[in-house]
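What follows is model14.cif (mmCIF, C-alpha atoms).
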data_run
loop_
_atom_site.label_atom_id
_atom_site.label_comp_id
_atom_site.auth_asym_id
_atom_site.auth_seq_id
_atom_site.Cartn_x
_atom_site.Cartn_y
_atom_site.Cartn_z
CA MET F 1 -10.96 46.84 30.91
CA ASP F 2 -10.47 43.14 31.57
CA PRO F 3 -10.06 41.46 28.13
CA GLY F 4 -11.15 38.17 29.68
CA ARG F 5 -14.74 39.47 29.71
CA GLN F 6 -14.59 40.15 25.97
CA LEU F 7 -13.07 36.80 25.02
CA ALA F 8 -15.88 34.72 23.54
CA LEU F 9 -16.20 31.05 24.40
CA ASP F 10 -17.88 30.34 21.05
CA ALA F 11 -16.77 31.72 17.69
CA GLY F 12 -20.38 31.86 16.53
CA GLY F 13 -21.19 34.43 19.20
CA ALA F 14 -18.22 36.69 18.53
CA ASP F 15 -17.93 39.92 16.56
CA PHE F 16 -14.23 39.74 15.70
CA LEU F 17 -11.54 37.10 15.16
CA VAL F 18 -8.08 37.96 16.49
CA ASP F 19 -4.74 36.54 15.41
CA THR F 20 -3.53 36.75 19.01
CA ALA F 21 0.18 35.97 18.69
CA ASN F 22 0.42 38.33 15.72
CA VAL F 23 -1.00 41.17 17.83
CA VAL F 24 0.86 40.37 21.06
CA ARG F 25 4.17 40.28 19.13
CA ALA F 26 3.51 43.49 17.17
CA THR F 27 6.51 45.53 18.29
CA GLU F 28 5.22 48.68 16.57
CA LEU F 29 2.35 48.75 19.06
CA THR F 30 2.94 50.36 22.48
CA ASP F 31 6.37 49.95 24.06
CA GLY F 32 8.34 47.93 21.49
CA ARG F 33 8.71 44.81 23.66
CA PRO F 34 9.07 41.61 21.55
CA ALA F 35 5.85 40.33 23.16
CA HIS F 36 3.42 42.11 25.47
CA LEU F 37 0.00 40.77 26.50
CA GLU F 38 -1.23 44.30 27.24
CA ARG F 39 -1.57 44.77 23.46
CA LEU F 40 -4.48 42.31 23.48
CA THR F 41 -6.16 44.32 26.26
CA LEU F 42 -5.75 47.54 24.30
CA LEU F 43 -6.99 45.86 21.13
CA CYS F 44 -10.17 44.68 22.87
CA GLU F 45 -10.81 48.26 23.97
CA ALA F 46 -10.23 49.48 20.40
CA LEU F 47 -12.61 46.88 18.96
CA ALA F 48 -15.34 47.88 21.42
CA GLY F 49 -14.96 51.45 20.20
CA PHE F 50 -14.84 50.36 16.56
CA ALA F 51 -18.10 48.41 16.99
CA ARG F 52 -19.60 51.11 19.24
CA ASP F 53 -20.49 48.33 21.63
CA GLU F 54 -18.78 47.91 25.00
CA SER F 55 -19.90 44.26 25.03
CA ALA F 56 -18.34 43.43 21.62
CA GLN F 57 -16.97 39.90 21.75
CA VAL F 58 -13.59 38.71 20.47
CA TYR F 59 -12.70 35.14 19.50
CA ALA F 60 -8.96 34.77 20.04
CA VAL F 61 -6.95 32.04 18.28
CA VAL F 62 -3.44 31.56 19.66
CA ASP F 63 -0.28 29.98 18.26
CA ARG F 64 0.87 27.46 20.87
CA THR F 65 4.38 28.95 20.92
CA LEU F 66 2.99 32.11 22.54
CA LEU F 67 2.18 30.24 25.78
CA SER F 68 5.89 29.62 26.35
CA ASP F 69 7.24 32.81 24.76
CA PRO F 70 10.21 33.90 26.93
CA HIS F 71 9.50 37.55 26.15
CA LEU F 72 6.24 37.36 28.10
CA SER F 73 6.46 37.70 31.86
CA PRO F 74 5.59 34.67 34.06
CA ALA F 75 2.36 36.45 35.03
CA GLU F 76 1.43 36.98 31.35
CA ARG F 77 2.12 33.34 30.51
CA ALA F 78 0.02 32.28 33.50
CA THR F 79 -2.85 34.49 32.32
CA LEU F 80 -2.73 32.94 28.84
CA ALA F 81 -2.66 29.44 30.34
CA ARG F 82 -5.69 30.28 32.51
CA TRP F 83 -7.62 31.62 29.53
CA ALA F 84 -6.76 28.47 27.57
CA ALA F 85 -7.95 26.25 30.44
CA GLU F 86 -11.21 28.22 30.65
CA GLY F 87 -11.75 27.95 26.89
CA ARG F 88 -11.48 31.73 26.40
CA VAL F 89 -8.75 31.34 23.79
CA GLU F 90 -8.33 28.55 21.24
CA VAL F 91 -4.75 27.28 21.24
CA LEU F 92 -3.44 25.55 18.11
CA PRO F 93 0.00 24.72 16.71
CA TRP F 94 -0.69 27.31 13.98
CA ALA F 95 -3.52 29.84 14.19
CA ASP F 96 -3.75 30.96 10.55
CA PRO F 97 -5.72 28.04 9.03
CA ARG F 98 -8.34 28.18 11.80
CA LEU F 99 -8.75 31.96 11.58
CA LEU F 100 -9.36 31.86 7.84
CA GLU F 101 -11.64 28.84 8.12
CA LEU F 102 -13.82 30.77 10.61
CA ALA F 103 -13.70 33.98 8.56
CA HIS F 104 -14.82 32.03 5.49
CA ALA F 105 -17.63 30.23 7.31
CA LEU F 106 -18.93 33.04 9.52
CA ASP F 107 -18.27 36.19 7.43
CA MET F 108 -16.42 37.59 10.43
CA PRO F 109 -13.58 40.15 10.31
CA VAL F 110 -10.04 39.11 11.22
CA VAL F 111 -7.68 41.40 13.14
CA SER F 112 -4.10 40.72 12.05
CA ARG F 113 -1.03 42.25 10.43
CA ASP F 114 -0.49 39.07 8.39
CA ASN F 115 -1.15 39.12 4.63
CA TYR F 116 -1.87 35.33 4.59
CA VAL F 117 -0.05 35.04 1.26
CA ASP F 118 0.28 31.26 1.65
CA PHE F 119 -3.54 30.95 1.65
CA HIS F 120 -4.28 32.98 -1.48
CA ARG F 121 -4.79 29.85 -3.58
CA ARG F 122 -7.01 28.14 -1.01
CA TYR F 123 -9.10 31.27 -0.41
CA PRO F 124 -9.13 33.31 -3.62
CA TRP F 125 -11.27 35.99 -1.95
CA ILE F 126 -8.27 37.18 0.13
CA PRO F 127 -6.26 39.09 -2.55
CA GLY F 128 -7.72 42.57 -2.90
CA ASN F 129 -10.24 42.00 -0.09
CA THR F 130 -11.45 45.28 1.44
CA ASP F 131 -14.02 44.24 4.05
CA THR F 132 -12.80 41.18 5.98
CA PHE F 133 -9.52 42.26 7.59
CA LEU F 134 -8.68 44.91 10.19
CA LEU F 135 -5.21 46.21 10.97
CA PRO F 136 -4.09 47.03 14.55
CA VAL F 137 -2.15 50.32 14.62
CA PRO F 138 -0.92 52.72 17.32
CA ASP F 139 -3.58 55.24 18.29
CA ALA F 140 -3.14 58.97 17.76
CA GLY F 141 -1.34 59.39 21.09
CA GLY F 142 0.96 56.44 20.51
CA ARG F 143 0.10 54.86 23.89
CA GLY F 144 -2.90 52.78 22.84
CA VAL F 145 -4.17 50.71 19.92
CA ALA F 146 -6.63 51.52 17.14
CA VAL F 147 -7.97 49.41 14.28
CA VAL F 148 -8.44 50.41 10.64
CA PRO F 149 -9.88 48.50 7.66
CA ARG F 150 -7.32 46.81 5.43
CA ILE F 151 -6.96 46.30 1.70
CA MET F 152 -5.27 42.93 1.30
CA PRO F 153 -2.43 42.94 -1.25
CA VAL F 154 -2.48 41.09 -4.54
CA VAL F 155 0.89 39.35 -4.85
CA GLU F 156 2.66 37.55 -7.67
CA GLU F 157 2.47 33.78 -7.93
CA ALA F 158 6.16 33.28 -7.11
CA ARG F 159 5.71 34.86 -3.69
CA ILE F 160 2.71 32.62 -2.98
CA SER F 161 4.77 29.55 -3.91
CA LEU F 162 7.62 30.67 -1.64
CA LYS F 163 5.29 31.09 1.36
CA GLU F 164 3.69 27.70 0.70
CA GLU F 165 7.14 26.17 0.59
CA GLN F 166 8.11 27.74 3.93
CA ASN F 167 5.05 26.13 5.50
CA GLU F 168 6.02 22.72 4.12
CA LEU F 169 9.57 23.19 5.44
CA HIS F 170 8.30 24.27 8.85
CA ALA F 171 6.11 21.17 9.09
CA VAL F 172 9.19 18.91 8.88
CA GLY F 173 11.45 21.09 11.03
CA LEU F 174 13.46 22.66 8.20
CA HIS F 175 12.26 26.22 8.66
CA ASP F 176 12.23 28.31 11.82
CA ARG F 177 9.62 31.07 11.38
CA ARG F 178 10.94 33.18 14.24
CA GLY F 179 14.61 32.27 14.12
CA SER F 180 17.19 31.43 11.49
CA GLY F 181 14.72 30.68 8.65
CA VAL F 182 15.56 27.83 6.27
CA ARG F 183 18.18 25.31 7.44
CA GLU F 184 20.33 25.88 4.37
CA ARG F 185 23.00 23.34 5.35
CA VAL F 186 20.54 20.46 4.99
CA PHE F 187 19.85 21.39 1.36
CA ARG F 188 23.50 21.88 0.46
CA ARG F 189 24.33 18.26 1.33
CA SER F 190 23.34 14.82 0.01
CA TRP F 191 22.01 12.34 2.57
CA HIS F 192 22.03 8.57 2.93
CA CYS F 193 19.57 6.46 4.95
CA PRO F 194 21.09 3.52 6.88
CA GLU F 195 18.00 1.37 6.28
CA PRO F 196 18.70 -1.18 3.49
CA GLY F 197 16.79 -0.48 0.29
CA CYS F 198 15.44 2.92 1.36
CA ARG F 199 13.63 4.26 -1.70
CA LEU F 200 14.01 7.89 -0.64
CA PHE F 201 17.64 8.13 0.50
CA GLY F 202 19.11 4.78 -0.52
CA PRO F 203 21.82 4.15 -3.13
CA ASP F 204 19.23 3.90 -5.92
CA ALA F 205 17.31 7.05 -4.99
CA ARG F 206 16.98 9.68 -7.68
CA ALA F 207 19.10 12.81 -7.50
CA ALA F 208 16.04 15.03 -6.96
CA ALA F 209 15.44 13.42 -3.57
CA PRO F 210 12.55 14.54 -1.37
CA MET F 211 13.29 16.80 1.55
CA PRO F 212 14.42 15.06 4.75
CA GLY F 213 12.78 15.64 8.09
CA TYR F 214 14.63 17.49 10.84
CA ARG F 215 14.11 16.57 14.49
CA GLN F 216 16.26 16.69 17.60
CA GLY F 217 18.91 18.64 15.72
CA VAL F 218 19.59 16.10 12.93
CA PRO F 219 18.19 15.35 9.44
CA ARG F 220 16.04 12.20 9.42
CA CYS F 221 14.52 9.92 6.82
CA PRO F 222 10.79 10.73 6.49
CA GLU F 223 10.01 7.04 5.97
CA HIS F 224 12.19 5.36 8.62
CA ALA F 225 12.79 8.26 11.07
CA ALA F 226 16.45 7.18 11.14
CA PRO F 227 19.20 9.83 11.30
CA LEU F 228 20.65 10.40 7.83
CA ALA F 229 24.38 10.20 7.10
CA ASP F 230 26.08 13.05 5.27
CA ALA F 231 26.98 11.78 1.77
CA GLY F 232 28.78 14.90 0.57
CA PRO F 233 27.83 18.07 -1.31
CA ALA F 234 24.50 18.00 -3.11
CA PRO F 235 24.41 18.77 -6.85
CA ALA F 236 22.84 22.07 -7.84
CA ARG F 237 19.15 21.79 -8.55
CA VAL F 238 16.61 24.28 -9.86
CA LEU F 239 12.82 24.09 -9.73
CA ALA F 240 10.85 25.00 -12.85
CA LYS F 241 7.17 24.86 -13.70
CA ILE F 242 4.79 24.62 -16.64
CA ARG F 243 1.83 26.97 -17.00
CA VAL F 244 -0.88 26.52 -19.63
CA ASP F 245 -3.43 29.31 -20.16
CA GLY F 246 -2.44 30.79 -16.82
CA VAL F 247 -2.97 27.54 -14.87
CA LEU F 248 -0.05 25.86 -13.11
CA ARG F 249 0.12 22.31 -14.46
CA THR F 250 3.28 20.86 -12.92
CA ARG F 251 6.58 21.65 -11.22
CA PHE F 252 9.74 19.67 -11.81
CA THR F 253 13.32 19.62 -10.54
CA VAL F 254 16.32 19.83 -12.85
CA VAL F 255 19.54 18.52 -11.30
CA GLU F 256 22.97 19.65 -12.53
CA GLY F 257 24.20 17.21 -15.15
CA ASP F 258 20.71 15.92 -16.07
CA LEU F 259 18.77 16.74 -19.22
CA VAL F 260 15.00 17.30 -19.20
CA THR F 261 13.05 17.45 -22.47
CA VAL F 262 9.80 19.41 -22.64
CA GLY F 263 7.42 18.97 -25.55
CA ARG F 264 4.19 17.55 -26.86
CA PHE F 265 5.23 13.99 -26.03
CA PRO F 266 9.01 13.52 -25.64
CA ASP F 267 10.65 10.12 -25.55
CA GLY F 268 13.03 8.79 -22.92
CA PRO F 269 13.67 9.63 -19.30
CA GLY F 270 13.45 13.14 -17.92
CA ARG F 271 10.52 14.09 -20.11
CA ILE F 272 7.75 16.60 -19.43
CA ALA F 273 4.82 15.73 -21.70
CA LEU F 274 2.48 18.66 -22.37
CA PHE F 275 0.01 16.68 -24.49
CA PRO F 276 -2.68 16.18 -21.78
CA TRP F 277 -2.96 19.95 -21.17
CA LEU F 278 -3.07 21.18 -24.77
CA GLU F 279 -6.11 21.86 -26.91
CA GLU F 280 -6.21 19.96 -30.18
CA GLY F 281 -5.27 22.94 -32.33
CA VAL F 282 -2.28 23.79 -30.16
CA ARG F 283 -0.91 20.23 -30.09
CA ARG F 284 0.13 20.47 -33.73
CA LEU F 285 2.17 23.61 -33.00
CA ILE F 286 4.17 22.16 -30.09
CA SER F 287 6.96 19.84 -31.24
CA ARG F 288 7.36 16.38 -29.77
CA ASP F 289 10.74 17.54 -28.39
CA HIS F 290 10.31 21.31 -28.09
CA LEU F 291 12.80 22.43 -25.40
CA ARG F 292 15.83 20.97 -23.70
CA VAL F 293 16.43 22.09 -20.13
CA THR F 294 19.54 21.59 -18.02
CA VAL F 295 21.39 23.18 -15.09
CA ARG F 296 24.96 24.45 -15.29
CA GLY F 297 26.65 26.61 -12.72
CA GLY F 298 23.49 26.58 -10.64
CA ALA F 299 21.46 28.29 -13.39
CA LEU F 300 18.65 26.89 -15.54
CA ARG F 301 19.56 26.83 -19.22
CA VAL F 302 17.06 26.34 -22.03
CA SER F 303 17.58 25.55 -25.71
CA ASP F 304 14.98 25.30 -28.46
CA THR F 305 14.79 22.11 -30.57
CA SER F 306 11.36 22.72 -32.12
CA HIS F 307 10.01 23.32 -35.62
CA ASN F 308 8.02 26.46 -34.77
CA GLY F 309 10.37 28.13 -32.29
CA SER F 310 10.00 29.63 -28.81
CA THR F 311 10.14 33.13 -27.38
CA VAL F 312 11.55 34.52 -24.13
CA ARG F 313 9.42 37.23 -22.52
CA ARG F 314 11.26 39.59 -20.18
CA ARG F 315 9.96 42.07 -17.60
CA ASP F 316 11.74 45.23 -18.73
CA ALA F 317 12.85 44.42 -22.25
CA PRO F 318 11.31 43.32 -25.56
CA PRO F 319 10.74 39.57 -26.10
CA VAL F 320 13.46 37.69 -27.93
CA PRO F 321 13.25 34.49 -30.00
CA LEU F 322 15.24 31.47 -28.82
CA ARG F 323 17.80 30.65 -31.47
CA PRO F 324 17.93 26.96 -32.38
CA GLY F 325 20.82 25.22 -30.69
CA ARG F 326 21.71 28.28 -28.54
CA GLU F 327 21.30 28.11 -24.77
CA TRP F 328 19.44 30.80 -22.84
CA THR F 329 20.01 31.27 -19.11
CA LEU F 330 16.55 31.73 -17.62
CA ARG F 331 16.28 34.41 -14.93
CA PRO F 332 13.52 35.14 -12.40
CA GLY F 333 10.72 37.05 -14.08
CA GLN F 334 11.46 35.61 -17.53
CA VAL F 335 9.06 33.25 -19.30
CA VAL F 336 9.79 30.86 -22.17
CA GLU F 337 6.68 30.75 -24.36
CA LEU F 338 6.48 27.62 -26.50
CA TYR F 339 3.25 28.90 -28.00
CA GLU F 340 0.81 31.55 -26.79
CA GLY F 341 -0.34 30.48 -23.32
CA VAL F 342 2.10 27.53 -23.04
CA GLU F 343 4.91 28.63 -20.75
CA LEU F 344 7.99 27.40 -18.91
CA LEU F 345 9.35 29.53 -16.05
CA LEU F 346 11.26 29.29 -12.81
CA SER F 347 9.28 28.25 -9.75
CA GLY F 348 9.00 30.59 -6.80
CA ARG F 349 10.06 27.61 -4.68
CA ARG F 350 13.73 27.13 -3.95
CA TYR F 351 14.04 23.85 -2.08
CA THR F 352 11.03 21.57 -2.13
CA LEU F 353 8.27 20.13 -4.20
CA ALA F 354 4.61 19.93 -3.31
CA PRO F 355 3.51 16.31 -2.63
CA ASP F 356 2.43 15.50 -6.20
CA ASP F 357 4.53 18.03 -8.11
CA GLY F 358 7.65 17.19 -10.06
CA GLU F 359 7.33 13.43 -9.73
CA ARG F 360 7.54 11.39 -12.90
CA ASP F 361 4.03 10.01 -13.41
CA PRO F 362 4.10 6.21 -12.79
CA HIS F 363 1.13 5.98 -15.18
CA PRO F 364 2.18 8.30 -18.01
CA PRO F 365 -0.52 9.85 -20.19
CA PRO F 366 -1.48 7.97 -23.34
CA ARG F 367 0.41 8.61 -26.51
CA PRO F 368 -1.39 10.84 -29.01
CA GLU F 369 -2.29 7.93 -31.27
CA ASP F 370 -3.99 6.13 -28.35
CA SER F 371 -5.78 9.12 -26.88
CA ALA F 372 -9.02 9.42 -28.83
CA PRO F 373 -12.14 8.88 -26.67
CA THR F 374 -14.25 5.78 -27.29
CA MET F 375 -17.58 4.45 -26.05
CA LEU F 376 -15.73 2.72 -23.21
CA ARG F 377 -13.29 5.55 -22.50
CA PRO F 378 -14.91 9.01 -22.43
CA PRO F 379 -12.72 12.09 -22.80
CA ASP F 380 -10.87 13.30 -19.72
CA PRO F 381 -12.49 16.22 -17.91
CA VAL F 382 -10.94 19.60 -18.59
CA GLY F 383 -8.25 20.44 -16.04
CA GLY F 384 -8.20 16.90 -14.71
CA ALA F 385 -4.41 16.54 -14.79
CA SER F 386 -2.55 16.45 -11.52
CA GLY F 387 -0.36 19.29 -10.37
CA GLY F 388 -2.81 22.10 -11.12
CA ILE F 389 -3.80 24.89 -8.77
CA ARG F 390 -6.29 23.85 -6.13
CA GLY F 391 -9.76 25.25 -6.60
CA PRO F 392 -11.51 27.36 -3.98
CA GLY F 393 -12.64 25.73 -0.79
CA PRO F 394 -16.22 25.58 0.54
CA GLY F 395 -18.31 28.44 -0.71
CA GLY F 396 -17.01 28.33 -4.26
CA GLY F 397 -14.62 31.21 -3.76
CA ARG F 398 -17.22 33.70 -2.49
CA LYS F 399 -15.82 36.75 -0.80
CA PRO F 400 -16.95 37.21 2.81
CA GLY F 401 -18.66 40.47 3.62
CA ARG F 402 -18.65 42.41 6.88
CA ARG F 403 -20.87 40.66 9.44
CA ARG F 404 -23.63 42.86 10.88
CA ARG F 405 -22.54 44.16 14.27
CA ARG F 406 -24.69 43.90 17.36
CA ARG F 407 -25.72 47.30 18.66
#
Would you mind giving the structure from this file in structure tokens?
Amino acid sequence: MDPGRQLALDAGGADFLVDTANVVRATELTDGRPAHLERLTLLCEALAGFARDESAQVYAVVDRTLLSDPHLSPAERATLARWAAEGRVEVLPWADPRLLELAHALDMPVVSRDNYVDFHRRYPWIPGNTDTFLLPVPDAGGRGVAVVPRIMPVVEEARISLKEEQNELHAVGLHDRRGSGVRERVFRRSWHCPEPGCRLFGPDARAAAPMPGYRQGVPRCPEHAAPLADAGPAPARVLAKIRVDGVLRTRFTVVEGDLVTVGRFPDGPGRIALFPWLEEGVRRLISRDHLRVTVRGGALRVSDTSHNGSTVRRRDAPPVPLRPGREWTLRPGQVVELYEGVELLLSGRRYTLAPDDGERDPHPPPRPEDSAPTMLRPPDPVGGASGGIRGPGPGGGRKPGRRRRRR
């Protein structure tokens, strides 16, 4: 079968969406080559059998890197280039966002081995989905390809954050998805921008500097594109986050040697004010200065300075109260509960901050005594603070169902 005849020119007329690079690079299919275009041919045959329709149409979305993949033969690369020129495959820098956008809009199944963990917040219908994704597997004889329905995994929030971070790093050249991974050396060093007065990497920049770009083999200033000079070892830094009633409210960076105070409305620099996210009854139970957070030896350390105390919840052990004035080294999987539903924990991210996370608000929230609504200042909408989890995209979080097949 010639897969070119099954490759739809229009997504609206297709029966299946295919994550092409993911399938072509699936070494567990067929002969184990790192990339083999024949896998797409075999998949098209399998999908025709799955739909019981020899004319079943496939809309193929392709990562641009596949067109120059050295593991494909020159003839295979030429075939891909021809299909792209004819509009039979859609070539994009990254296929995943387009595939999920089409699946969401058209209720069309996606063939892929990817779990799309980094899109679980944007498309909350993915975790646990049982009718939108198909998995390519070796057929019974081991020489062809079959497809089976998938149950998409439900993963913990830390893993979602880590995948989101990898995408942000990849966008600025600091993560190689198919090679060495994160460019660790860049994050172990401090960097200086040669441009006078650079607010990001100048002499007055804060210790929790944003991530640099990385192009042409060197770190660069995101604002000036200038190569950055190595300014020595970077201080240890740890990312933490605040969750209120299960909703992520903010992330923040703690740099070794700095002190961050978390509470209802702390004073001074390095403060994380919880007041805007607390219900009125809870505000009275969270002290103005409730926790002090610092980093020593590369680990996040927490001490309680409150009137009502805090508790550390652990995965495989009973919760323990934080003793006043005693430091607790916070480990992955542990949660400091200031009050029921008000939590501090380590972020799943290791290197970066999302665009509006962790920054000190240039317009801090009003102090409690100034916060009451008036005729001219209505109350803030619930959940209106920045740094929260994004809501579902178009469709209000509906879960796509299986599209009716043509017979």
**Request:** With a distance cut-off of 12 Å and all atoms listed in the file, select the neighbouring residues of Tyr59 of chain F, excluding the residue or stretch itself and same-chain residues fewer than 2 positions from it, and output the selection as number ranges by chain.
**Result:** F: 3-20, 40, 44, 47, 56-57, 61-62, 83, 87-91, 95, 98-99, 102-103, 106, 108-111
**Request:** Give the answer as one residue: which of F:Val282, F:Leu67, F:Val260, F:Leu174 has the shortest atom-to-atom distance to Arg82 of chain F, using all atoms listed in the file?
**Result:**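 Smallest distance to Arg82 of chain F is found for F:Leu67.
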**Request:** Taking the file as shown, find all residues satisfying the PyMOL selection byres ((chain F and resi 327-331) around 6) and write them as number ranges by chain.
**Result:** F: 300-303, 326, 332, 334
**Asked** Quick one: distance from atom CA of Leu43 of chain F to atom CA of Thr79 of chain F in Å, one decimal?
**Response**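 Separating atom CA of Leu43 of chain F from atom CA of Thr79 of chain F is a distance of 16.5 Å.
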**Prompt:** In terms of the shortest atom-to-atom distance over all atoms listed in the file, which of F:His120, F:His175, F:Arg288, F:Arg349 is closest to Gly268 of chain F?
**Reply:**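 Closest residue, counting all atoms listed in the file: F:Arg288.
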**Request:** Go through F:Arg220, F:Arg39, F:His192, F:Arg185 one by one, measure the shortest atom-to-atom distance of each to Ala146 of chain F using only C-alpha atoms, and give the residue with the smallest value.
**Result:** F:Arg39
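Taken over the shown file, the PyMOL selection byres ((chain F and resi 154) around 8) identifies Pro127, Gly128, Met152, Pro153, Val155 and Glu156 of chain F.
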Take the residues that were just selected and, keeping C-alpha atoms, output them as a compact mmCIF listing (two decimals), keeping the file's coordinate frame.
# COMPACT_ATOMS: atom_id res chain seq x y z
CA PRO F 127 -6.26 39.09 -2.55
CA GLY F 128 -7.72 42.57 -2.90
CA MET F 152 -5.27 42.93 1.30
CA PRO F 153 -2.43 42.94 -1.25
CA VAL F 155 0.89 39.35 -4.85
CA GLU F 156 2.66 37.55 -7.67
Could the centre and edge lengths of an axis-aligned box, enclosing all atoms of segment 286-303 of chain F in the file with 5 Å extra on each side, be given in Å to one decimal as JSON?
{"center_x": 15.4, "center_y": 22.3, "center_z": -20.9, "size_x": 32.5, "size_y": 21.9, "size_z": 30.6}
**Message:** To test your reading of the syntax: which residues would the PyMOL selection byres ((chain F and resi 237) around 8) return for the file shown? Reply as a list of chain:residue names.
**Reply:**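 Selected by the PyMOL selection byres ((chain F and resi 237) around 8) here: F:Ala208, F:Pro235, F:Ala236, F:Val238, F:Leu239, F:Thr253, F:Val254, F:Val255, F:Glu256, F:Val295, F:Gly298.
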Can those selected residues be exported to a file as a PDB file, keeping the file's coordinate frame so that it contains C-alpha atoms?
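Result file follows (selection_35.pdb):
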ATOM      1  CA  ALA F 208      16.040  15.030  -6.960  1.00  0.00           C
ATOM      2  CA  PRO F 235      24.410  18.770  -6.850  1.00  0.00           C
ATOM      3  CA  ALA F 236      22.840  22.070  -7.840  1.00  0.00           C
ATOM      4  CA  VAL F 238      16.610  24.280  -9.860  1.00  0.00           C
ATOM      5  CA  LEU F 239      12.820  24.090  -9.730  1.00  0.00           C
ATOM      6  CA  THR F 253      13.320  19.620 -10.540  1.00  0.00           C
ATOM      7  CA  VAL F 254      16.320  19.830 -12.850  1.00  0.00           C
ATOM      8  CA  VAL F 255      19.540  18.520 -11.300  1.00  0.00           C
ATOM      9  CA  GLU F 256      22.970  19.650 -12.530  1.00  0.00           C
ATOM     10  CA  VAL F 295      21.390  23.180 -15.090  1.00  0.00           C
ATOM     11  CA  GLY F 298      23.490  26.580 -10.640  1.00  0.00           C
TER      12      GLY F 298
END
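A straight line drawn from atom CA of Phe133 of chain F to atom CA of Gly246 of chain F is 27.9 Å long.
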**Request:** Would you mind reading off the distance between atom CA of Asp31 of chain F and atom CA of Arg143 of chain F, one decimal, in Å?
**Result:**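 According to the coordinates, atom CA of Asp31 of chain F and atom CA of Arg143 of chain F are separated by 8.0 Å.
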**Item:** From F:Ser306, F:Ser73, F:Thr27, F:Thr311, residue lying nearest Val262 of chain F [only C-alpha atoms]
**Value:**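 For Val262 of chain F, the nearest of the given residues is F:Ser306.
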**Request:** Determine the nearest neighbour of Arg150 of chain F from the options F:Asp114, F:Glu340, F:Glu195, F:Glu223, counting only C-alpha atoms.
**Result:** F:Asp114
**Request:** Considering only C-alpha atoms, return as a PyMOL selection string whatever protein or nucleic-acid residues lie within 9 Å of Cys193 of chain F, sequence-local ones (same chain, fewer than 3 positions apart) excluded.
**Result:** chain F and resi 196-198+200-203+220-221+224+226-229
**Request:** Would you mind telling me which residue in F:Leu92, F:Ala84, F:Ala46, F:Leu72 lies nearest to Arg33 of chain F when using all atoms listed in the file?
**Result:** F:Leu72
**Message:** At a cut-off of 10 Å, using all atoms listed in the file, what residues contact Ile272 of chain F? Leave out same-chain residues fewer than 5 positions from it and give the result as a PyMOL selection string.
**Reply:** chain F and resi 242+250-252+260-267+289+291+358+360-361
**All residues 7 Å or closer to Leu322 of chain F, all atoms listed in the file, same chain fewer than 3 positions away omitted, as JSON, numbers by chain** = {"F": [304, 309, 310, 311, 312]}
